[in-house]
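What's in data.tsv: TSV, C-alpha atoms
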```tsv
chain	number	residue	atom	x	y	z
A	19	MET	CA	-23.28	1.59	-34.20
A	20	ALA	CA	-21.51	4.10	-31.99
A	21	VAL	CA	-23.94	3.35	-29.19
A	22	ILE	CA	-23.32	-0.40	-29.49
A	23	LYS	CA	-19.58	0.18	-29.43
A	24	ARG	CA	-19.91	2.42	-26.41
A	25	TYR	CA	-21.91	-0.17	-24.54
A	26	LEU	CA	-20.14	-3.26	-25.92
A	27	PHE	CA	-18.43	-4.04	-22.62
A	28	LEU	CA	-21.73	-3.75	-20.74
A	29	ILE	CA	-23.48	-5.94	-23.32
A	30	ILE	CA	-20.80	-8.63	-23.01
A	31	SER	CA	-21.05	-8.51	-19.22
A	32	ILE	CA	-24.82	-8.91	-19.36
A	33	ILE	CA	-24.48	-11.86	-21.76
A	34	ALA	CA	-21.99	-13.44	-19.35
A	35	LEU	CA	-24.50	-12.90	-16.54
A	36	GLY	CA	-27.15	-14.60	-18.66
A	37	ILE	CA	-24.86	-17.58	-19.29
A	38	LEU	CA	-24.17	-17.84	-15.56
A	39	PHE	CA	-27.94	-17.92	-14.98
A	40	LEU	CA	-28.32	-20.79	-17.44
A	41	ILE	CA	-25.52	-22.80	-15.87
A	42	ASN	CA	-26.39	-22.15	-12.26
A	43	ARG	CA	-29.55	-20.28	-11.32
A	44	GLU	CA	-28.50	-19.77	-7.74
A	45	MET	CA	-25.18	-18.23	-8.72
A	46	GLY	CA	-26.93	-16.06	-11.29
A	47	LEU	CA	-29.27	-14.71	-8.63
A	48	LYS	CA	-26.33	-14.08	-6.33
A	49	ALA	CA	-24.54	-12.18	-9.11
A	50	LEU	CA	-27.65	-10.12	-9.76
A	51	GLU	CA	-27.94	-9.34	-6.07
A	52	VAL	CA	-24.32	-8.16	-5.88
A	53	THR	CA	-24.77	-6.13	-9.06
A	54	GLY	CA	-27.78	-4.42	-7.51
A	55	TYR	CA	-25.79	-3.76	-4.40
A	56	SER	CA	-22.83	-2.24	-6.29
A	57	LEU	CA	-25.22	-0.18	-8.36
A	58	LYS	CA	-26.60	1.26	-5.16
A	59	GLU	CA	-23.07	1.95	-3.92
A	60	MET	CA	-22.26	3.70	-7.19
A	61	VAL	CA	-25.43	5.78	-7.13
A	62	LEU	CA	-24.64	6.85	-3.56
A	63	ILE	CA	-20.95	7.63	-3.93
A	64	ILE	CA	-20.53	8.87	-7.47
A	65	PRO	CA	-22.70	12.05	-7.49
A	66	PRO	CA	-20.78	13.96	-4.79
A	67	ILE	CA	-17.43	12.90	-6.31
A	68	PHE	CA	-18.38	14.21	-9.72
A	69	ILE	CA	-19.90	17.41	-8.31
A	70	LEU	CA	-16.68	18.07	-6.37
A	71	LEU	CA	-14.76	17.38	-9.58
A	72	GLY	CA	-16.86	19.81	-11.56
A	73	LEU	CA	-16.34	22.50	-8.92
A	74	LEU	CA	-12.61	21.81	-8.77
A	75	ASP	CA	-12.42	22.06	-12.53
A	76	VAL	CA	-14.22	25.39	-12.67
A	77	TRP	CA	-12.95	27.15	-9.55
A	78	VAL	CA	-9.38	26.08	-8.92
A	79	PRO	CA	-7.02	27.74	-11.40
A	80	ARG	CA	-4.50	25.59	-13.17
A	81	GLU	CA	-1.65	27.65	-11.70
A	82	THR	CA	-2.71	26.80	-8.15
A	83	MET	CA	-2.81	23.07	-8.78
A	84	THR	CA	0.47	23.23	-10.68
A	85	ARG	CA	2.14	25.13	-7.86
A	86	PHE	CA	1.03	22.61	-5.25
A	87	MET	CA	1.31	19.36	-7.19
A	88	GLY	CA	2.96	20.11	-10.53
A	89	GLU	CA	6.55	19.84	-11.73
A	90	GLY	CA	8.88	21.06	-9.02
A	91	SER	CA	6.33	20.66	-6.23
A	92	GLY	CA	8.70	18.11	-4.68
A	93	ILE	CA	7.89	16.50	-1.36
A	94	LYS	CA	4.96	18.85	-0.80
A	95	GLY	CA	3.34	17.53	-3.98
A	96	ILE	CA	3.93	13.91	-2.99
A	97	ALA	CA	2.54	14.50	0.51
A	98	LEU	CA	-0.55	16.21	-0.90
A	99	ALA	CA	-1.10	13.37	-3.37
A	100	ILE	CA	-1.00	10.84	-0.53
A	101	LEU	CA	-3.23	12.91	1.74
A	102	LEU	CA	-5.85	13.54	-0.94
A	103	GLY	CA	-5.87	9.89	-1.98
A	104	SER	CA	-6.08	8.66	1.61
A	105	ALA	CA	-8.93	11.00	2.50
A	106	ALA	CA	-10.99	9.55	-0.33
A	107	ALA	CA	-13.99	7.29	-0.14
A	108	GLY	CA	-15.27	4.81	-2.63
A	109	PRO	CA	-13.86	2.17	-4.93
A	110	LEU	CA	-10.77	2.66	-7.09
A	111	TYR	CA	-12.78	3.34	-10.23
A	112	GLY	CA	-13.92	6.57	-8.58
A	113	ALA	CA	-10.29	7.72	-8.51
A	114	PHE	CA	-9.78	7.70	-12.28
A	115	PRO	CA	-12.03	10.68	-13.07
A	116	VAL	CA	-10.35	12.62	-10.26
A	117	ALA	CA	-6.95	11.75	-11.72
A	118	ALA	CA	-8.16	13.01	-15.11
A	119	VAL	CA	-9.04	16.42	-13.65
A	120	PHE	CA	-5.67	16.51	-11.87
A	121	MET	CA	-3.94	15.97	-15.20
A	122	LYS	CA	-6.02	18.71	-16.81
A	123	LYS	CA	-4.84	21.03	-14.06
A	124	GLY	CA	-1.18	20.27	-14.65
A	125	VAL	CA	-0.46	17.89	-11.76
A	126	LYS	CA	2.82	16.08	-12.26
A	127	PHE	CA	2.44	12.55	-13.62
A	128	SER	CA	4.18	10.79	-10.73
A	129	ASN	CA	1.92	12.66	-8.30
A	130	VAL	CA	-1.17	11.54	-10.20
A	131	LEU	CA	0.09	7.96	-9.89
A	132	ILE	CA	0.89	8.36	-6.20
A	133	PHE	CA	-2.60	9.75	-5.67
A	134	LEU	CA	-4.05	6.66	-7.39
A	135	GLY	CA	-1.91	4.40	-5.23
A	136	ALA	CA	-3.04	6.15	-2.06
A	137	TRP	CA	-6.67	5.96	-3.09
A	138	SER	CA	-6.30	2.26	-3.79
A	139	THR	CA	-4.69	1.22	-0.57
A	140	THR	CA	-4.13	3.79	2.21
A	141	LYS	CA	-7.65	5.17	2.59
A	142	ILE	CA	-8.11	6.34	6.18
A	143	PRO	CA	-11.62	4.95	6.77
A	144	MET	CA	-10.51	1.59	5.40
A	145	PHE	CA	-7.40	1.66	7.57
A	146	LEU	CA	-9.49	2.10	10.73
A	147	PHE	CA	-11.69	-0.75	9.65
A	148	GLU	CA	-8.70	-2.93	8.82
A	149	MET	CA	-7.25	-2.33	12.30
A	150	ALA	CA	-10.50	-3.40	13.89
A	151	SER	CA	-10.80	-6.57	11.77
A	152	LEU	CA	-7.26	-7.80	11.29
A	153	GLY	CA	-5.43	-6.22	14.19
A	154	VAL	CA	-3.19	-3.22	14.73
A	155	ARG	CA	-0.01	-5.10	13.85
A	156	PHE	CA	-1.34	-6.20	10.49
A	157	ALA	CA	-2.85	-2.85	9.48
A	158	VAL	CA	0.04	-0.68	10.68
A	159	THR	CA	2.67	-2.87	9.04
A	160	ARG	CA	0.77	-2.71	5.78
A	161	LEU	CA	0.42	1.06	5.97
A	162	VAL	CA	4.10	1.54	6.78
A	163	ILE	CA	5.17	-0.55	3.76
A	164	ASP	CA	2.48	0.88	1.48
A	165	ILE	CA	3.41	4.54	1.77
A	166	PRO	CA	6.95	4.19	0.40
A	167	GLY	CA	5.61	1.46	-1.91
A	168	ILE	CA	3.09	3.66	-3.70
A	169	ILE	CA	5.65	6.47	-4.04
A	170	LEU	CA	8.14	4.02	-5.52
A	171	ILE	CA	5.54	2.54	-7.90
A	172	GLY	CA	4.57	6.08	-8.96
A	173	PHE	CA	8.16	6.90	-9.83
A	174	ILE	CA	8.86	3.59	-11.57
A	175	LEU	CA	5.69	3.93	-13.66
A	176	SER	CA	6.47	7.48	-14.71
A	177	LYS	CA	9.94	6.31	-15.73
A	178	ILE	CA	9.01	3.19	-17.72
A	179	VAL	CA	6.24	4.85	-19.68
A	180	SER	CA	7.61	6.94	-22.55
A	181	LYS	CA	7.19	10.73	-22.69
A	182	GLU	CA	4.94	10.38	-25.74
A	183	THR	CA	2.62	7.98	-23.91
A	184	VAL	CA	2.40	10.39	-20.98
A	185	LYS	CA	1.58	13.22	-23.39
A	186	GLU	CA	-1.16	11.08	-24.94
A	187	ILE	CA	-2.59	10.31	-21.51
A	188	TYR	CA	-2.67	14.03	-20.65
A	189	ALA	CA	-4.26	14.88	-24.00
A	190	ASN	CA	-6.82	12.14	-23.39
A	191	ALA	CA	-7.65	13.60	-19.96
A	192	GLU	CA	-8.80	16.81	-21.66
A	193	LYS	CA	-11.70	14.87	-23.12
A	194	PHE	CA	-13.22	14.04	-19.76
B	8	MET	CA	-17.93	8.60	5.05
B	9	ASN	CA	-20.65	9.08	2.46
B	10	ILE	CA	-22.20	11.76	4.63
B	11	VAL	CA	-18.93	13.69	4.80
B	12	LEU	CA	-18.70	13.54	1.03
B	13	TYR	CA	-22.27	14.78	0.60
B	14	ILE	CA	-21.82	17.59	3.12
B	15	ALA	CA	-18.61	18.68	1.39
B	16	ALA	CA	-20.15	18.57	-2.08
B	17	GLY	CA	-23.39	20.20	-0.94
B	18	SER	CA	-21.85	23.08	0.97
B	19	LEU	CA	-19.24	23.83	-1.69
B	20	LEU	CA	-21.99	23.78	-4.29
B	21	CYS	CA	-23.98	26.33	-2.25
B	22	ILE	CA	-20.96	28.60	-1.82
B	23	SER	CA	-20.22	28.31	-5.51
B	24	PHE	CA	-23.84	29.15	-6.35
B	25	PHE	CA	-23.84	32.30	-4.26
B	26	LYS	CA	-20.56	33.45	-5.68
B	27	ASP	CA	-21.25	32.79	-9.33
B	28	LYS	CA	-24.34	31.12	-10.77
B	29	GLU	CA	-22.89	30.83	-14.24
B	30	LYS	CA	-19.74	29.07	-13.06
B	31	THR	CA	-21.79	26.71	-10.89
B	32	LYS	CA	-23.90	25.78	-13.87
B	33	GLN	CA	-20.72	25.15	-15.82
B	34	ALA	CA	-19.35	22.97	-13.00
B	35	LEU	CA	-22.50	20.86	-12.90
B	36	LYS	CA	-22.42	20.53	-16.66
B	37	LYS	CA	-18.82	19.33	-16.50
B	38	ALA	CA	-19.69	16.93	-13.68
B	39	TRP	CA	-22.50	15.45	-15.74
B	40	LYS	CA	-20.41	15.25	-18.90
B	41	SER	CA	-17.55	13.39	-17.25
B	42	PHE	CA	-20.01	11.06	-15.53
B	43	GLU	CA	-21.90	10.36	-18.73
B	44	ASN	CA	-18.60	9.74	-20.48
B	45	ILE	CA	-17.57	6.91	-18.19
B	46	LEU	CA	-21.04	5.53	-17.38
B	47	PRO	CA	-20.97	2.60	-19.85
B	48	GLN	CA	-17.68	1.35	-18.36
B	49	PHE	CA	-18.97	1.78	-14.82
B	50	LEU	CA	-22.08	-0.24	-15.58
B	51	GLY	CA	-20.07	-2.98	-17.28
B	52	VAL	CA	-17.71	-3.21	-14.32
B	53	ILE	CA	-20.61	-3.41	-11.89
B	54	VAL	CA	-22.17	-6.37	-13.70
B	55	LEU	CA	-18.75	-8.02	-13.90
B	56	VAL	CA	-18.23	-7.52	-10.17
B	57	GLY	CA	-21.55	-9.25	-9.57
B	58	ILE	CA	-20.44	-12.25	-11.61
B	59	MET	CA	-17.05	-12.39	-9.89
B	60	MET	CA	-18.59	-12.21	-6.45
B	61	ALA	CA	-20.96	-15.05	-7.30
B	62	LEU	CA	-18.05	-17.20	-8.49
B	63	PHE	CA	-15.61	-16.19	-5.76
B	64	ASN	CA	-17.85	-16.29	-2.73
B	65	PRO	CA	-16.30	-16.47	0.76
B	66	ASP	CA	-16.78	-20.26	0.87
B	67	PHE	CA	-14.86	-20.73	-2.33
B	68	ILE	CA	-12.15	-18.31	-1.27
B	69	SER	CA	-11.68	-20.03	2.07
B	70	ARG	CA	-11.47	-23.39	0.33
B	71	ILE	CA	-8.62	-22.30	-1.93
B	72	ILE	CA	-6.61	-20.21	0.50
B	73	GLY	CA	-7.81	-21.67	3.79
B	74	LYS	CA	-5.29	-24.13	5.05
B	75	GLU	CA	-2.86	-23.92	2.21
B	76	SER	CA	0.63	-22.86	3.02
B	77	GLY	CA	3.73	-21.82	1.17
B	78	TRP	CA	4.17	-19.62	-1.87
B	79	TRP	CA	1.62	-21.45	-3.97
B	80	GLY	CA	-1.13	-20.47	-1.52
B	81	VAL	CA	0.17	-16.92	-1.42
B	82	ILE	CA	0.08	-16.64	-5.19
B	83	ILE	CA	-3.42	-18.06	-5.42
B	84	SER	CA	-4.57	-15.62	-2.73
B	85	ALA	CA	-2.99	-12.75	-4.63
B	86	VAL	CA	-4.71	-13.82	-7.85
B	87	VAL	CA	-8.07	-14.12	-6.11
B	88	GLY	CA	-7.59	-10.65	-4.63
B	89	ALA	CA	-6.64	-9.25	-8.02
B	90	VAL	CA	-9.67	-10.56	-9.90
B	91	THR	CA	-12.23	-9.73	-7.24
B	92	LEU	CA	-13.55	-6.37	-6.21
B	93	ILE	CA	-15.04	-6.60	-2.76
B	94	PRO	CA	-15.91	-3.53	-0.70
B	95	GLY	CA	-13.63	-3.18	2.33
B	96	PHE	CA	-16.35	-3.57	4.92
B	97	ILE	CA	-17.07	-7.05	3.55
B	98	ALA	CA	-13.46	-7.94	2.71
B	99	PHE	CA	-11.90	-7.26	6.10
B	100	PRO	CA	-14.35	-9.29	8.18
B	101	THR	CA	-14.10	-12.08	5.58
B	102	ALA	CA	-10.31	-11.95	5.86
B	103	ALA	CA	-10.60	-12.07	9.65
B	104	LEU	CA	-12.81	-15.16	9.36
B	105	LEU	CA	-10.31	-16.78	7.01
B	106	LEU	CA	-7.55	-16.14	9.54
B	107	GLU	CA	-9.62	-17.80	12.25
B	108	GLY	CA	-10.22	-20.64	9.84
B	109	GLY	CA	-6.51	-21.29	9.69
B	110	ALA	CA	-5.27	-19.26	6.74
B	111	GLY	CA	-1.79	-17.81	7.18
B	112	TYR	CA	-1.09	-14.11	7.59
B	113	THR	CA	1.02	-14.13	4.43
B	114	GLN	CA	-1.88	-15.41	2.32
B	115	ILE	CA	-4.36	-13.00	3.87
B	116	ALA	CA	-1.99	-10.07	3.37
B	117	ALA	CA	-1.51	-11.03	-0.28
B	118	PHE	CA	-5.29	-11.23	-0.70
B	119	VAL	CA	-6.00	-7.90	1.02
B	120	SER	CA	-3.21	-6.08	-0.78
B	121	THR	CA	-4.05	-7.19	-4.32
B	122	LEU	CA	-7.74	-6.75	-3.58
B	123	MET	CA	-7.11	-3.07	-2.97
B	124	MET	CA	-4.28	-2.33	-5.39
B	125	VAL	CA	-4.87	-4.57	-8.40
B	126	GLY	CA	-8.12	-4.31	-10.28
B	127	ILE	CA	-8.64	-6.79	-13.08
B	128	VAL	CA	-12.37	-6.11	-13.43
B	129	THR	CA	-11.86	-2.35	-13.43
B	130	ILE	CA	-9.29	-2.52	-16.24
B	131	PRO	CA	-11.82	-1.30	-18.84
B	132	VAL	CA	-12.33	1.90	-16.81
B	133	GLU	CA	-8.63	2.35	-16.15
B	134	VAL	CA	-7.71	1.86	-19.82
B	135	LYS	CA	-10.20	4.53	-20.84
B	136	TYR	CA	-8.31	7.07	-18.73
B	137	PHE	CA	-4.74	5.81	-18.81
B	138	GLY	CA	-4.38	3.67	-21.90
B	139	LYS	CA	-3.36	0.02	-22.13
B	140	ARG	CA	0.36	0.33	-21.42
B	141	LEU	CA	0.17	2.22	-18.18
B	142	THR	CA	-2.79	0.19	-16.93
B	143	LEU	CA	-0.93	-3.03	-17.58
B	144	TRP	CA	2.24	-1.83	-15.85
B	145	ARG	CA	0.43	-0.33	-12.89
B	146	ASN	CA	-1.38	-3.58	-12.22
B	147	VAL	CA	1.71	-5.73	-12.75
B	148	LEU	CA	3.81	-3.60	-10.37
B	149	ALA	CA	1.02	-3.49	-7.80
B	150	PHE	CA	0.77	-7.28	-7.97
B	151	ILE	CA	4.50	-7.80	-7.44
B	152	PHE	CA	4.52	-5.21	-4.67
B	153	SER	CA	1.63	-7.01	-2.97
B	154	LEU	CA	3.68	-10.21	-2.83
B	155	LEU	CA	6.44	-8.27	-1.09
B	156	VAL	CA	3.91	-6.78	1.34
B	157	ALA	CA	2.57	-10.26	2.02
B	158	PHE	CA	6.05	-11.59	2.73
B	159	ILE	CA	6.83	-8.79	5.20
B	160	ILE	CA	3.45	-8.93	6.95
B	161	GLY	CA	3.81	-12.69	7.25
B	162	LYS	CA	7.06	-12.22	9.13
B	163	VAL	CA	5.86	-9.31	11.27
B	164	ALA	CA	2.38	-10.56	12.12
B	165	GLU	CA	3.66	-13.95	13.16
B	166	GLY	CA	6.22	-12.30	15.39
B	167	ILE	CA	9.29	-13.49	13.47
B	168	TRP	CA	10.34	-9.91	12.75
B	169	LEU	CA	9.99	-7.03	15.22
```

Taking this structure as input, can you express it in the form of structure tokens?
Amino acid sequence: MAVIKRYLFLIISIIALGILFLINREMGLKALEVTGYSLKEMVLIIPPIFILLGLLDVWVPRETMTRFMGEGSGIKGIALAILLGSAAAGPLYGAFPVAAVFMKKGVKFSNVLIFLGAWSTTKIPMFLFEMASLGVRFAVTRLVIDIPGIILIGFILSKIVSKETVKEIYANAEKF
Amino acid sequence: MNIVLYIAAGSLLCISFFKDKEKTKQALKKAWKSFENILPQFLGVIVLVGIMMALFNPDFISRIIGKESGWWGVIISAVVGAVTLIPGFIAFPTAALLLEGGAGYTQIAAFVSTLMMVGIVTIPVEVKYFGKRLTLWRNVLAFIFSLLVAFIIGKVAEGIWL
């Protein structure tokens, strides 16, 4: 039963894929093709991320992370969160395990959220690509609005979520 | 970018191994455990992305946000961006094509911004780490923020501001 519950979401997705196949074979094939492609992307990108995470978890002492990005780390912590998030590669779902390790190491909640924001939208490789495709004006304007935006969202989120919820989220991170 | 990641992981792993075999083993164990923990969600999301991409292919996207103007088009673009998960190197050229096809900068900015910041299909993964409340709020705020970004980019890119 536990296994079924664990894989329930996957099972539902596969059933949905099956239904799509029945309705429209061509679309089903297309979906399968994209799934294969994303699977490849995941297989390529995920191993180094998780290995780096494991190393970070084992080697970097909690005190170090707390000093740089914990309570009282101020602007330095925010800047680091943005830099680390922007230097990242891979889709947003790759950021969540990293965020979990950050929380284990005592990184301040708003900095975890800013890191997530940076990973989602100010990634450097993506920025270069965006400039090439959509123009310098478009990409630079977006970057200039996004940096204060993700900081603001980080602060708003850490304010609207209650202290208990934050504690629960940190306790939950210990499980990963 | 992948190569950089592999070189970083590989060399740090080597250094770690020379310094302390036991700790390295522990690190790899932790890496595997956290991967195994989230694997079912990852796989579910990947299948869901496949379905979404089949439904929201570039043709369909260009049809709904192509020539449309005004806030309705912007909101539809934002919603399409929020529910899809397209890798950047496909999304940006697609967005460039849509612009050539007559879509407005505001719509494209809304699409690009929600595509990157809002993740409807990745919600199951996000909830596992952050719980329902925070996931909901993060996505809602990112969506609203994207509309603001779209508005500003619309003005700047079309030369009305700056």

Counting only C-alpha atoms, which residues from chain A have an atom at most 6 Å from any atom of chain B, and could you show them as a list in words?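 Residues of chain A within 6 Å of chain B, counting only C-alpha atoms: Tyr25, Phe27, Leu28, Ser31, Met45, Lys48, Ala49, Val52, Thr53, Pro66, Phe68, Ile69, Leu70, Gly72, Leu73, Val76, Ser138, Thr139, Ser151, Leu152, Phe156, Ile187 and Phe194 of chain A.
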
Filtering to C-alpha atoms, could you give me those residues as a PDB file, keeping the file's coordinate frame?
```pdb
ATOM      1  CA  TYR A  25     -21.910  -0.170 -24.540  1.00  0.00           C
ATOM      2  CA  PHE A  27     -18.430  -4.040 -22.620  1.00  0.00           C
ATOM      3  CA  LEU A  28     -21.730  -3.750 -20.740  1.00  0.00           C
ATOM      4  CA  SER A  31     -21.050  -8.510 -19.220  1.00  0.00           C
ATOM      5  CA  MET A  45     -25.180 -18.230  -8.720  1.00  0.00           C
ATOM      6  CA  LYS A  48     -26.330 -14.080  -6.330  1.00  0.00           C
ATOM      7  CA  ALA A  49     -24.540 -12.180  -9.110  1.00  0.00           C
ATOM      8  CA  VAL A  52     -24.320  -8.160  -5.880  1.00  0.00           C
ATOM      9  CA  THR A  53     -24.770  -6.130  -9.060  1.00  0.00           C
ATOM     10  CA  PRO A  66     -20.780  13.960  -4.790  1.00  0.00           C
ATOM     11  CA  PHE A  68     -18.380  14.210  -9.720  1.00  0.00           C
ATOM     12  CA  ILE A  69     -19.900  17.410  -8.310  1.00  0.00           C
ATOM     13  CA  LEU A  70     -16.680  18.070  -6.370  1.00  0.00           C
ATOM     14  CA  GLY A  72     -16.860  19.810 -11.560  1.00  0.00           C
ATOM     15  CA  LEU A  73     -16.340  22.500  -8.920  1.00  0.00           C
ATOM     16  CA  VAL A  76     -14.220  25.390 -12.670  1.00  0.00           C
ATOM     17  CA  SER A 138      -6.300   2.260  -3.790  1.00  0.00           C
ATOM     18  CA  THR A 139      -4.690   1.220  -0.570  1.00  0.00           C
ATOM     19  CA  SER A 151     -10.800  -6.570  11.770  1.00  0.00           C
ATOM     20  CA  LEU A 152      -7.260  -7.800  11.290  1.00  0.00           C
ATOM     21  CA  PHE A 156      -1.340  -6.200  10.490  1.00  0.00           C
ATOM     22  CA  ILE A 187      -2.590  10.310 -21.510  1.00  0.00           C
ATOM     23  CA  PHE A 194     -13.220  14.040 -19.760  1.00  0.00           C
TER      24      PHE A 194
END
```

Box for segment 97-104 of chain B - axis-aligned, 6 Å on each of the six sides, all listed atoms - centre and size in Å to one decimal, as lines of an AutoDock Vina configuration file.
```
center_x = -13.7
center_y = -11.1
center_z = 6.2
size_x = 18.8
size_y = 20.1
size_z = 18.9
```

For each of A:Ala34, A:Gly108, A:Leu26, A:Ala97, take the minimum atom-to-atom distance to Ile142 of chain A, counting all atoms listed in the file, then give the residue where this is smallest.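 Distance minimum relative to Ile142 of chain A lands on A:Gly108.
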
Å distance separating atom CA of Ala106 of chain A from atom CA of Asp164 of chain A, one decimal place: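 Computed distance, atom CA of Ala106 of chain A to atom CA of Asp164 of chain A, equals 16.1 Å.
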
Between atom CA of Leu134 of chain A and atom CA of Ile71 of chain B, what distance in Å does the model show, to one decimal? 29.8 Å
